[in-house]
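Text of the file final-v1.pdb, holding PDB, C-alpha atoms and all ligand atoms:
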```pdb
ATOM      1  CA  MET M  30     -53.438-164.750  83.470  1.00  0.00           C
ATOM      2  CA  ASN M  31     -52.394-161.504  81.841  1.00  0.00           C
ATOM      3  CA  GLY M  32     -51.461-161.867  78.174  1.00  0.00           C
ATOM      4  CA  LEU M  33     -50.786-158.202  77.558  1.00  0.00           C
ATOM      5  CA  VAL M  34     -49.776-157.029  74.107  1.00  0.00           C
ATOM      6  CA  LEU M  35     -48.487-153.489  73.624  1.00  0.00           C
ATOM      7  CA  PHE M  36     -49.120-152.479  70.050  1.00  0.00           C
ATOM      8  CA  GLY M  37     -48.032-149.298  68.281  1.00  0.00           C
ATOM      9  CA  SER M  38     -45.603-147.823  65.790  1.00  0.00           C
ATOM     10  CA  PRO M  39     -41.914-147.333  66.604  1.00  0.00           C
ATOM     11  CA  GLY M  40     -41.757-144.365  68.981  1.00  0.00           C
ATOM     12  CA  SER M  41     -45.272-144.820  70.346  1.00  0.00           C
ATOM     13  CA  GLY M  42     -43.854-145.457  73.821  1.00  0.00           C
ATOM     14  CA  LYS M  43     -44.281-149.232  74.012  1.00  0.00           C
ATOM     15  CA  GLY M  44     -40.924-149.784  75.722  1.00  0.00           C
ATOM     16  CA  THR M  45     -41.498-147.076  78.334  1.00  0.00           C
ATOM     17  CA  GLN M  46     -45.036-148.241  79.089  1.00  0.00           C
ATOM     18  CA  ALA M  47     -43.946-151.873  79.223  1.00  0.00           C
ATOM     19  CA  LYS M  48     -41.360-151.028  81.890  1.00  0.00           C
ATOM     20  CA  LEU M  49     -44.008-149.174  83.967  1.00  0.00           C
ATOM     21  CA  LEU M  50     -46.428-152.083  83.590  1.00  0.00           C
ATOM     22  CA  GLU M  51     -43.721-154.572  84.541  1.00  0.00           C
ATOM     23  CA  GLN M  52     -43.089-152.718  87.820  1.00  0.00           C
ATOM     24  CA  CYS M  53     -46.794-152.447  88.552  1.00  0.00           C
ATOM     25  CA  LEU M  54     -47.975-155.955  87.606  1.00  0.00           C
ATOM     26  CA  ARG M  55     -44.749-157.848  88.387  1.00  0.00           C
ATOM     27  CA  ILE M  56     -44.895-159.912  85.226  1.00  0.00           C
ATOM     28  CA  PRO M  57     -42.017-160.011  82.710  1.00  0.00           C
ATOM     29  CA  HIS M  58     -41.559-157.504  79.909  1.00  0.00           C
ATOM     30  CA  VAL M  59     -40.871-159.436  76.714  1.00  0.00           C
ATOM     31  CA  SER M  60     -39.450-157.149  74.027  1.00  0.00           C
ATOM     32  CA  THR M  61     -38.566-158.858  70.752  1.00  0.00           C
ATOM     33  CA  GLY M  62     -36.383-155.865  69.780  1.00  0.00           C
ATOM     34  CA  ASP M  63     -34.361-156.150  73.029  1.00  0.00           C
ATOM     35  CA  MET M  64     -34.093-159.916  72.660  1.00  0.00           C
ATOM     36  CA  LEU M  65     -32.833-159.640  69.085  1.00  0.00           C
ATOM     37  CA  ARG M  66     -30.335-156.912  70.030  1.00  0.00           C
ATOM     38  CA  ALA M  67     -29.088-158.974  72.979  1.00  0.00           C
ATOM     39  CA  LYS M  68     -28.583-161.993  70.754  1.00  0.00           C
ATOM     40  CA  GLY M  69     -26.513-159.768  68.450  1.00  0.00           C
ATOM     41  CA  ALA M  70     -24.111-161.683  66.293  1.00  0.00           C
ATOM     42  CA  ALA M  71     -25.276-164.965  67.803  1.00  0.00           C
ATOM     43  CA  ALA M  72     -28.628-164.436  66.080  1.00  0.00           C
ATOM     44  CA  GLY M  73     -26.814-164.648  62.723  1.00  0.00           C
ATOM     45  CA  SER M  74     -25.575-162.064  60.256  1.00  0.00           C
ATOM     46  CA  VAL M  75     -28.861-161.990  58.322  1.00  0.00           C
ATOM     47  CA  VAL M  76     -30.750-160.991  61.463  1.00  0.00           C
ATOM     48  CA  VAL M  77     -28.232-158.259  62.344  1.00  0.00           C
ATOM     49  CA  ALA M  78     -28.230-156.849  58.791  1.00  0.00           C
ATOM     50  CA  THR M  79     -32.043-156.882  58.698  1.00  0.00           C
ATOM     51  CA  MET M  80     -32.272-154.930  61.947  1.00  0.00           C
ATOM     52  CA  GLU M  81     -29.624-152.431  60.848  1.00  0.00           C
ATOM     53  CA  ALA M  82     -31.642-151.767  57.689  1.00  0.00           C
ATOM     54  CA  GLY M  83     -34.809-151.153  59.731  1.00  0.00           C
ATOM     55  CA  ALA M  84     -36.634-154.098  58.131  1.00  0.00           C
ATOM     56  CA  LEU M  85     -38.389-156.945  59.913  1.00  0.00           C
ATOM     57  CA  VAL M  86     -36.651-160.161  60.928  1.00  0.00           C
ATOM     58  CA  SER M  87     -38.296-163.320  59.544  1.00  0.00           C
ATOM     59  CA  ASP M  88     -41.478-164.589  61.164  1.00  0.00           C
ATOM     60  CA  GLU M  89     -39.969-168.049  61.761  1.00  0.00           C
ATOM     61  CA  VAL M  90     -37.065-166.671  63.813  1.00  0.00           C
ATOM     62  CA  VAL M  91     -39.219-164.301  65.858  1.00  0.00           C
ATOM     63  CA  ASN M  92     -42.138-166.702  66.432  1.00  0.00           C
ATOM     64  CA  GLN M  93     -39.805-169.386  67.763  1.00  0.00           C
ATOM     65  CA  MET M  94     -37.947-166.895  69.965  1.00  0.00           C
ATOM     66  CA  VAL M  95     -41.208-165.628  71.517  1.00  0.00           C
ATOM     67  CA  GLU M  96     -42.612-169.111  72.014  1.00  0.00           C
ATOM     68  CA  ASP M  97     -39.429-170.177  73.845  1.00  0.00           C
ATOM     69  CA  ARG M  98     -39.531-167.060  76.013  1.00  0.00           C
ATOM     70  CA  LEU M  99     -43.224-167.314  76.934  1.00  0.00           C
ATOM     71  CA  SER M 100     -42.775-170.972  77.849  1.00  0.00           C
ATOM     72  CA  ARG M 101     -40.364-170.069  80.640  1.00  0.00           C
ATOM     73  CA  GLU M 102     -41.584-170.337  84.201  1.00  0.00           C
ATOM     74  CA  ASP M 103     -41.495-166.625  85.023  1.00  0.00           C
ATOM     75  CA  ALA M 104     -44.110-166.004  82.308  1.00  0.00           C
ATOM     76  CA  ALA M 105     -46.580-168.553  83.685  1.00  0.00           C
ATOM     77  CA  ARG M 106     -48.591-165.894  85.558  1.00  0.00           C
ATOM     78  CA  GLY M 107     -48.564-163.411  82.686  1.00  0.00           C
ATOM     79  CA  PHE M 108     -46.316-161.291  80.472  1.00  0.00           C
ATOM     80  CA  ILE M 109     -46.163-158.036  78.572  1.00  0.00           C
ATOM     81  CA  LEU M 110     -45.342-158.352  74.886  1.00  0.00           C
ATOM     82  CA  ASP M 111     -43.650-155.328  73.341  1.00  0.00           C
ATOM     83  CA  GLY M 112     -42.958-155.226  69.592  1.00  0.00           C
ATOM     84  CA  TYR M 113     -44.700-158.504  68.803  1.00  0.00           C
ATOM     85  CA  PRO M 114     -46.779-159.370  66.791  1.00  0.00           C
ATOM     86  CA  ARG M 115     -45.609-157.175  63.904  1.00  0.00           C
ATOM     87  CA  THR M 116     -46.963-159.110  60.918  1.00  0.00           C
ATOM     88  CA  ARG M 117     -50.200-160.910  60.244  1.00  0.00           C
ATOM     89  CA  ALA M 118     -48.387-164.280  60.298  1.00  0.00           C
ATOM     90  CA  GLN M 119     -47.013-163.461  63.776  1.00  0.00           C
ATOM     91  CA  ALA M 120     -50.484-162.381  64.964  1.00  0.00           C
ATOM     92  CA  GLU M 121     -52.053-165.616  63.722  1.00  0.00           C
ATOM     93  CA  HIS M 122     -49.287-167.620  65.386  1.00  0.00           C
ATOM     94  CA  LEU M 123     -49.741-165.787  68.698  1.00  0.00           C
ATOM     95  CA  CYS M 124     -53.541-166.022  68.710  1.00  0.00           C
ATOM     96  CA  CYS M 125     -53.294-169.747  68.080  1.00  0.00           C
ATOM     97  CA  TRP M 126     -50.746-170.075  70.921  1.00  0.00           C
ATOM     98  CA  PHE M 127     -53.070-168.115  73.258  1.00  0.00           C
ATOM     99  CA  ASP M 128     -56.129-170.171  72.315  1.00  0.00           C
ATOM    100  CA  GLN M 129     -54.314-173.480  72.859  1.00  0.00           C
ATOM    101  CA  ARG M 130     -53.427-172.373  76.386  1.00  0.00           C
ATOM    102  CA  GLY M 131     -56.671-170.602  77.248  1.00  0.00           C
ATOM    103  CA  ILE M 132     -54.892-167.252  77.611  1.00  0.00           C
ATOM    104  CA  ARG M 133     -57.208-164.233  77.375  1.00  0.00           C
ATOM    105  CA  GLU M 134     -55.221-161.504  75.691  1.00  0.00           C
ATOM    106  CA  LEU M 135     -55.539-157.759  76.019  1.00  0.00           C
ATOM    107  CA  VAL M 136     -54.049-155.705  73.205  1.00  0.00           C
ATOM    108  CA  ILE M 137     -53.294-152.095  74.107  1.00  0.00           C
ATOM    109  CA  HIS M 138     -52.927-149.992  70.985  1.00  0.00           C
ATOM    110  CA  LEU M 139     -50.864-146.846  71.651  1.00  0.00           C
ATOM    111  CA  SER M 140     -52.104-144.444  69.027  1.00  0.00           C
ATOM    112  CA  VAL M 141     -49.731-141.548  68.235  1.00  0.00           C
ATOM    113  CA  ASP M 142     -49.678-138.779  65.617  1.00  0.00           C
ATOM    114  CA  TYR M 143     -47.033-139.250  62.851  1.00  0.00           C
ATOM    115  CA  ASN M 144     -45.192-135.934  63.514  1.00  0.00           C
ATOM    116  CA  VAL M 145     -44.956-136.701  67.215  1.00  0.00           C
ATOM    117  CA  ILE M 146     -43.419-140.073  66.312  1.00  0.00           C
ATOM    118  CA  ILE M 147     -40.692-138.476  64.176  1.00  0.00           C
ATOM    119  CA  ALA M 148     -39.782-135.972  66.917  1.00  0.00           C
ATOM    120  CA  ARG M 149     -39.638-138.727  69.522  1.00  0.00           C
ATOM    121  CA  LEU M 150     -37.547-141.150  67.490  1.00  0.00           C
ATOM    122  CA  THR M 151     -34.877-138.660  66.493  1.00  0.00           C
ATOM    123  CA  GLY M 152     -34.472-137.589  70.164  1.00  0.00           C
ATOM    124  CA  ARG M 153     -34.346-141.085  71.571  1.00  0.00           C
ATOM    125  CA  ARG M 154     -31.373-142.276  73.643  1.00  0.00           C
ATOM    126  CA  GLN M 155     -30.792-145.571  75.409  1.00  0.00           C
ATOM    127  CA  CYS M 156     -28.487-146.784  78.150  1.00  0.00           C
ATOM    128  CA  PRO M 157     -26.238-149.428  76.555  1.00  0.00           C
ATOM    129  CA  VAL M 158     -26.034-151.323  79.860  1.00  0.00           C
ATOM    130  CA  CYS M 159     -29.475-151.369  81.550  1.00  0.00           C
ATOM    131  CA  GLY M 160     -31.633-150.519  78.497  1.00  0.00           C
ATOM    132  CA  SER M 161     -33.389-147.507  80.110  1.00  0.00           C
ATOM    133  CA  LEU M 162     -34.939-145.227  77.505  1.00  0.00           C
ATOM    134  CA  TYR M 163     -34.796-141.421  77.431  1.00  0.00           C
ATOM    135  CA  ASN M 164     -35.719-138.629  75.076  1.00  0.00           C
ATOM    136  CA  ILE M 165     -33.634-135.466  74.937  1.00  0.00           C
ATOM    137  CA  VAL M 166     -36.830-133.404  74.502  1.00  0.00           C
ATOM    138  CA  SER M 167     -39.634-135.104  76.386  1.00  0.00           C
ATOM    139  CA  GLN M 168     -37.855-137.292  78.939  1.00  0.00           C
ATOM    140  CA  PRO M 169     -34.253-136.137  79.442  1.00  0.00           C
ATOM    141  CA  PRO M 170     -31.918-137.769  81.976  1.00  0.00           C
ATOM    142  CA  ARG M 171     -31.097-135.754  85.120  1.00  0.00           C
ATOM    143  CA  VAL M 172     -27.512-135.250  83.899  1.00  0.00           C
ATOM    144  CA  ASP M 173     -27.019-134.570  80.180  1.00  0.00           C
ATOM    145  CA  GLU M 174     -26.450-137.753  78.145  1.00  0.00           C
ATOM    146  CA  LEU M 175     -25.908-139.949  81.248  1.00  0.00           C
ATOM    147  CA  CYS M 176     -28.186-142.742  82.491  1.00  0.00           C
ATOM    148  CA  ASP M 177     -30.024-141.906  85.753  1.00  0.00           C
ATOM    149  CA  ARG M 178     -29.690-145.480  86.972  1.00  0.00           C
ATOM    150  CA  ASP M 179     -26.041-146.321  86.377  1.00  0.00           C
ATOM    151  CA  GLY M 180     -24.358-143.177  84.998  1.00  0.00           C
ATOM    152  CA  GLN M 181     -23.476-144.824  81.676  1.00  0.00           C
ATOM    153  CA  ARG M 182     -23.159-142.552  78.615  1.00  0.00           C
ATOM    154  CA  LEU M 183     -26.398-142.828  76.597  1.00  0.00           C
ATOM    155  CA  VAL M 184     -26.282-143.890  72.958  1.00  0.00           C
ATOM    156  CA  VAL M 185     -28.388-143.466  69.817  1.00  0.00           C
ATOM    157  CA  ARG M 186     -29.433-146.941  68.777  1.00  0.00           C
ATOM    158  CA  ASP M 187     -28.262-147.944  65.288  1.00  0.00           C
ATOM    159  CA  ASP M 188     -31.869-148.319  64.209  1.00  0.00           C
ATOM    160  CA  ASP M 189     -32.754-144.784  65.422  1.00  0.00           C
ATOM    161  CA  ARG M 190     -30.677-143.097  62.661  1.00  0.00           C
ATOM    162  CA  GLU M 191     -32.868-141.008  60.366  1.00  0.00           C
ATOM    163  CA  SER M 192     -32.790-143.126  57.178  1.00  0.00           C
ATOM    164  CA  VAL M 193     -33.439-146.217  59.272  1.00  0.00           C
ATOM    165  CA  ILE M 194     -36.314-144.476  61.074  1.00  0.00           C
ATOM    166  CA  ARG M 195     -38.020-143.855  57.740  1.00  0.00           C
ATOM    167  CA  GLU M 196     -37.580-147.515  56.812  1.00  0.00           C
ATOM    168  CA  ARG M 197     -38.967-148.664  60.183  1.00  0.00           C
ATOM    169  CA  LEU M 198     -42.034-146.440  59.866  1.00  0.00           C
ATOM    170  CA  ASP M 199     -42.551-147.713  56.347  1.00  0.00           C
ATOM    171  CA  ALA M 200     -42.334-151.318  57.557  1.00  0.00           C
ATOM    172  CA  TYR M 201     -44.880-150.425  60.246  1.00  0.00           C
ATOM    173  CA  GLU M 202     -47.357-148.976  57.735  1.00  0.00           C
ATOM    174  CA  ARG M 203     -46.965-151.848  55.272  1.00  0.00           C
ATOM    175  CA  GLN M 204     -46.690-154.842  57.573  1.00  0.00           C
ATOM    176  CA  THR M 205     -47.726-153.990  61.113  1.00  0.00           C
ATOM    177  CA  ARG M 206     -50.690-151.617  60.957  1.00  0.00           C
ATOM    178  CA  PRO M 207     -52.778-154.286  59.114  1.00  0.00           C
ATOM    179  CA  VAL M 208     -52.260-156.524  62.165  1.00  0.00           C
ATOM    180  CA  LEU M 209     -54.604-154.246  64.086  1.00  0.00           C
ATOM    181  CA  ASP M 210     -57.358-154.760  61.485  1.00  0.00           C
ATOM    182  CA  TYR M 211     -56.765-158.489  61.688  1.00  0.00           C
ATOM    183  CA  LEU M 212     -57.008-158.534  65.507  1.00  0.00           C
ATOM    184  CA  ASN M 213     -60.172-156.415  65.481  1.00  0.00           C
ATOM    185  CA  ALA M 214     -61.800-158.530  62.763  1.00  0.00           C
ATOM    186  CA  ALA M 215     -60.890-161.699  64.700  1.00  0.00           C
ATOM    187  CA  GLY M 216     -62.787-160.328  67.711  1.00  0.00           C
ATOM    188  CA  ARG M 217     -59.673-160.027  69.917  1.00  0.00           C
ATOM    189  CA  ARG M 218     -59.717-157.641  72.877  1.00  0.00           C
ATOM    190  CA  VAL M 219     -58.163-154.441  71.565  1.00  0.00           C
ATOM    191  CA  TYR M 220     -58.155-151.119  73.442  1.00  0.00           C
ATOM    192  CA  SER M 221     -56.886-147.957  71.780  1.00  0.00           C
ATOM    193  CA  VAL M 222     -55.222-145.401  74.023  1.00  0.00           C
ATOM    194  CA  ASP M 223     -54.365-141.893  72.803  1.00  0.00           C
ATOM    195  CA  ALA M 224     -50.632-141.688  73.539  1.00  0.00           C
ATOM    196  CA  SER M 225     -49.831-138.532  71.523  1.00  0.00           C
ATOM    197  CA  GLN M 226     -50.040-136.203  74.490  1.00  0.00           C
ATOM    198  CA  GLY M 227     -49.168-136.227  78.142  1.00  0.00           C
ATOM    199  CA  SER M 228     -46.259-137.557  80.157  1.00  0.00           C
ATOM    200  CA  PRO M 229     -45.458-141.288  80.187  1.00  0.00           C
ATOM    201  CA  GLU M 230     -47.158-141.439  83.631  1.00  0.00           C
ATOM    202  CA  GLU M 231     -50.356-139.889  82.245  1.00  0.00           C
ATOM    203  CA  VAL M 232     -50.433-142.383  79.380  1.00  0.00           C
ATOM    204  CA  PHE M 233     -49.782-145.127  81.918  1.00  0.00           C
ATOM    205  CA  GLN M 234     -52.879-144.052  83.888  1.00  0.00           C
ATOM    206  CA  LYS M 235     -54.965-144.415  80.725  1.00  0.00           C
ATOM    207  CA  ILE M 236     -53.594-147.935  80.270  1.00  0.00           C
ATOM    208  CA  ARG M 237     -54.417-148.785  83.874  1.00  0.00           C
ATOM    209  CA  GLN M 238     -57.986-147.655  83.304  1.00  0.00           C
ATOM    210  CA  ALA M 239     -58.178-149.936  80.255  1.00  0.00           C
ATOM    211  CA  LEU M 240     -56.868-152.826  82.387  1.00  0.00           C
ATOM    212  CA  GLU M 241     -59.415-152.170  85.122  1.00  0.00           C
ATOM    213  CA  THR M 242     -62.272-152.074  82.613  1.00  0.00           C
ATOM    214  CA  HIS M 243     -60.961-155.317  81.139  1.00  0.00           C
ATOM    215  CA  ASP M 244     -60.748-156.979  84.591  1.00  0.00           C
ATOM    216  CA  ARG M 245     -64.297-155.893  85.438  1.00  0.00           C
ATOM    217  CA  LYS M 246     -65.590-157.419  82.194  1.00  0.00           C
ATOM    218  CA  GLU M 247     -63.642-160.644  82.862  1.00  0.00           C
ATOM    219  CA  ASN M 248     -65.168-160.939  86.324  1.00  0.00           C
ATOM    220  CA  VAL M 249     -68.690-160.333  85.047  1.00  0.00           C
ATOM    221  CA  GLY M 250     -68.294-162.627  82.012  1.00  0.00           C
TER     222      GLY M 250
HETATM  223  P1  LIG M 301     -37.895-152.487  68.377  1.00  0.00           P
HETATM  224  O1  LIG M 301     -36.875-152.302  69.445  1.00  0.00           O
HETATM  225  O2  LIG M 301     -39.126-153.199  68.854  1.00  0.00           O
HETATM  226  O3  LIG M 301     -38.235-151.218  67.654  1.00  0.00           O
HETATM  227  O4  LIG M 301     -37.238-153.465  67.289  1.00  0.00           O
HETATM  228  C1  LIG M 301     -36.018-153.159  66.650  1.00  0.00           C
HETATM  229  C2  LIG M 301     -35.854-154.029  65.403  1.00  0.00           C
HETATM  230  O5  LIG M 301     -35.876-155.424  65.757  1.00  0.00           O
HETATM  231  C3  LIG M 301     -36.956-153.879  64.366  1.00  0.00           C
HETATM  232  O6  LIG M 301     -36.734-152.774  63.517  1.00  0.00           O
HETATM  233  C4  LIG M 301     -36.840-155.221  63.628  1.00  0.00           C
HETATM  234  O7  LIG M 301     -35.724-155.244  62.759  1.00  0.00           O
HETATM  235  C5  LIG M 301     -36.547-156.180  64.759  1.00  0.00           C
HETATM  236  N1  LIG M 301     -37.810-156.719  65.354  1.00  0.00           N
HETATM  237  C6  LIG M 301     -38.277-156.493  66.612  1.00  0.00           C
HETATM  238  N2  LIG M 301     -39.439-157.126  66.827  1.00  0.00           N
HETATM  239  C7  LIG M 301     -39.724-157.787  65.663  1.00  0.00           C
HETATM  240  C8  LIG M 301     -40.797-158.600  65.239  1.00  0.00           C
HETATM  241  N3  LIG M 301     -41.849-158.878  66.050  1.00  0.00           N
HETATM  242  N4  LIG M 301     -40.749-159.110  63.978  1.00  0.00           N
HETATM  243  C9  LIG M 301     -39.717-158.844  63.158  1.00  0.00           C
HETATM  244  N5  LIG M 301     -38.682-158.053  63.483  1.00  0.00           N
HETATM  245  C10 LIG M 301     -38.671-157.521  64.735  1.00  0.00           C
END
```
Any chance you could put this one into structure tokens?
Amino acid sequence: MNGLVLFGSPGSGKGTQAKLLEQCLRIPHVSTGDMLRAKGAAAGSVVVATMEAGALVSDEVVNQMVEDRLSREDAARGFILDGYPRTRAQAEHLCCWFDQRGIRELVIHLSVDYNVIIARLTGRRQCPVCGSLYNIVSQPPRVDELCDRDGQRLVVRDDDRESVIRERLDAYERQTRPVLDYLNAAGRRVYSVDASQGSPEEVFQKIRQALETHDRKENVG
């Protein structure tokens, strides 16, 4: 069972790596950001306003949403979590959920330099239909501003505007970075991967190496 957790600040490449891992491992990509955006107005006006401000949605809402998603049949063989846990309360909730089910997690921490993050986030574009991610500098579409997969015009997500980016990075520093300390102190399996440099494929190879090392240890232990 693969309980993979992709951990990193906004713009660290979690979404891109999760999609590559999903293709490779054939287990579902569970992104709390995508799920909350898809719920949209149905998630309630407080949730929408919180996301638009770049702040974090309440732990209760997100924990329940993730639990429901991971309980579905397609996640029985494994899953890739992207954007969760983001607070200590979420991390405690998830670890407890893993332990109750005997799931051995692997947390991949994508570590990226702050200036690289800013450049990536301001250049980010997304397909409003299929969710594919691009970057006008580092990963442009084949045709300017159009999605490679379905030709839709790419958009800047509401939460990628500059003031919101600052708020999201602030929320990361205050609430999410301490989660890493918590996971390490709790003896969870955490691998750090340098994701500042190299193409998404090169970073992906580093993640694969981490997975192979992890699998070898599992088989020995
Ligand atoms: P993301 O696409 O992962 O960057 O998430 C976009 C926004 O969704 C965040 O800025 C938060 O407002 C909200 N969000 C996503 N995941 C979580 C989470 N685990 N806890 C709280 N809020 C979240």
task = Can you work out the spacing between CA of Ser161 in chain M and CA of Gln52 in chain M in Å, to one decimal?
result =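 The value is 13.4 Å.
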task = Using only C-alpha atoms, determine which residues lie at most 12 Å from range 76-81 of chain M, disregarding the query and same-chain residues fewer than 6 positions distant; provide the list as number ranges by chain.
result = M: 61-70, 87-91, 186-194, 196-197, 200
inquiry  = When you look at range 223-240 of chain M with a cut-off of 9 Å (counting all atoms listed in the file), what residues show up, excluding the ones that are within fewer than 4 positions of it in the same chain? I need them as a ChimeraX atom specification.
reply    = /M:41-42,45-46,49-50,135,137-142,145-146,167-168,244-245
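With distances restricted to all atoms listed in the file, M:Arg115 is the closest residue to ligand LIG 301 (chain M) from M:Lys43, M:Arg133, M:His243, M:Arg115.
Take CA of Asp179 in chain M and CA of Ala71 in chain M: the distance between them is 26.3 Å.
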request  = Could you jot down the CA of Arg106 in chain M to CA of Asn31 in chain M separation for me, Å, one decimal place?
outcome  =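 Distance between the two atoms: 6.9 Å.
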inquiry  = When you count all atoms listed in the file, which of these residues is closest to ligand LIG 301 (chain M): M:Val59, M:Val86, M:Leu35, M:Leu198?
reply    =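 Smallest distance to ligand LIG 301 (chain M) is found for M:Val86.
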Once the PyMOL selection byres (((chain M and resi 218) around 7) and not hetatm) is applied to the coordinates I shared, what remains selected? I want it as a PDB file with C-alpha atoms, keeping the file's coordinate frame.
```pdb
ATOM      1  CA  GLU M 134     -55.221-161.504  75.691  1.00  0.00           C
ATOM      2  CA  LEU M 135     -55.539-157.759  76.019  1.00  0.00           C
ATOM      3  CA  VAL M 136     -54.049-155.705  73.205  1.00  0.00           C
ATOM      4  CA  GLY M 216     -62.787-160.328  67.711  1.00  0.00           C
ATOM      5  CA  ARG M 217     -59.673-160.027  69.917  1.00  0.00           C
ATOM      6  CA  VAL M 219     -58.163-154.441  71.565  1.00  0.00           C
ATOM      7  CA  TYR M 220     -58.155-151.119  73.442  1.00  0.00           C
TER       8      TYR M 220
END
```
key: Hits from the PyMOL selection byres (((chain M and resi 99) around 12) and not hetatm), listed as a ChimeraX atom specification   = /M:31-33,56-61,92-98,100-110,123,126-127,130,132
Would you compute, for all listed atoms of ligand LIG 301 (chain M), the axis-aligned bounding box grown by 6 Å on each side, and then report its centre and edge lengths in Å rounded to one decimal, as lines of an AutoDock Vina configuration file?
```
center_x = -38.8
center_y = -155.2
center_z = 66.1
size_x = 18.1
size_y = 19.9
size_z = 18.7
```
task = Check what the PyMOL selection byres (((chain M and resi 201) around 10) and not hetatm) selects in the file above and give those residues as number ranges by chain.
result = M: 37-39, 84-85, 115-116, 195-200, 202-208
ask   = In terms of the shortest atom-to-atom distance over all atoms listed in the file, which of M:Gln155, M:Asn144, M:Asn213, M:Gln129 is closest to ligand LIG 301 (chain M)?
value = M:Gln155
ask   = Taking into account only C-alpha atoms and all ligand atoms, which residue in the set M:Lys246, M:Arg171, M:Arg153, M:Arg182 is nearest to ligand LIG 301 (chain M)?
value =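 Distance minimum relative to ligand LIG 301 (chain M) lands on M:Arg153.
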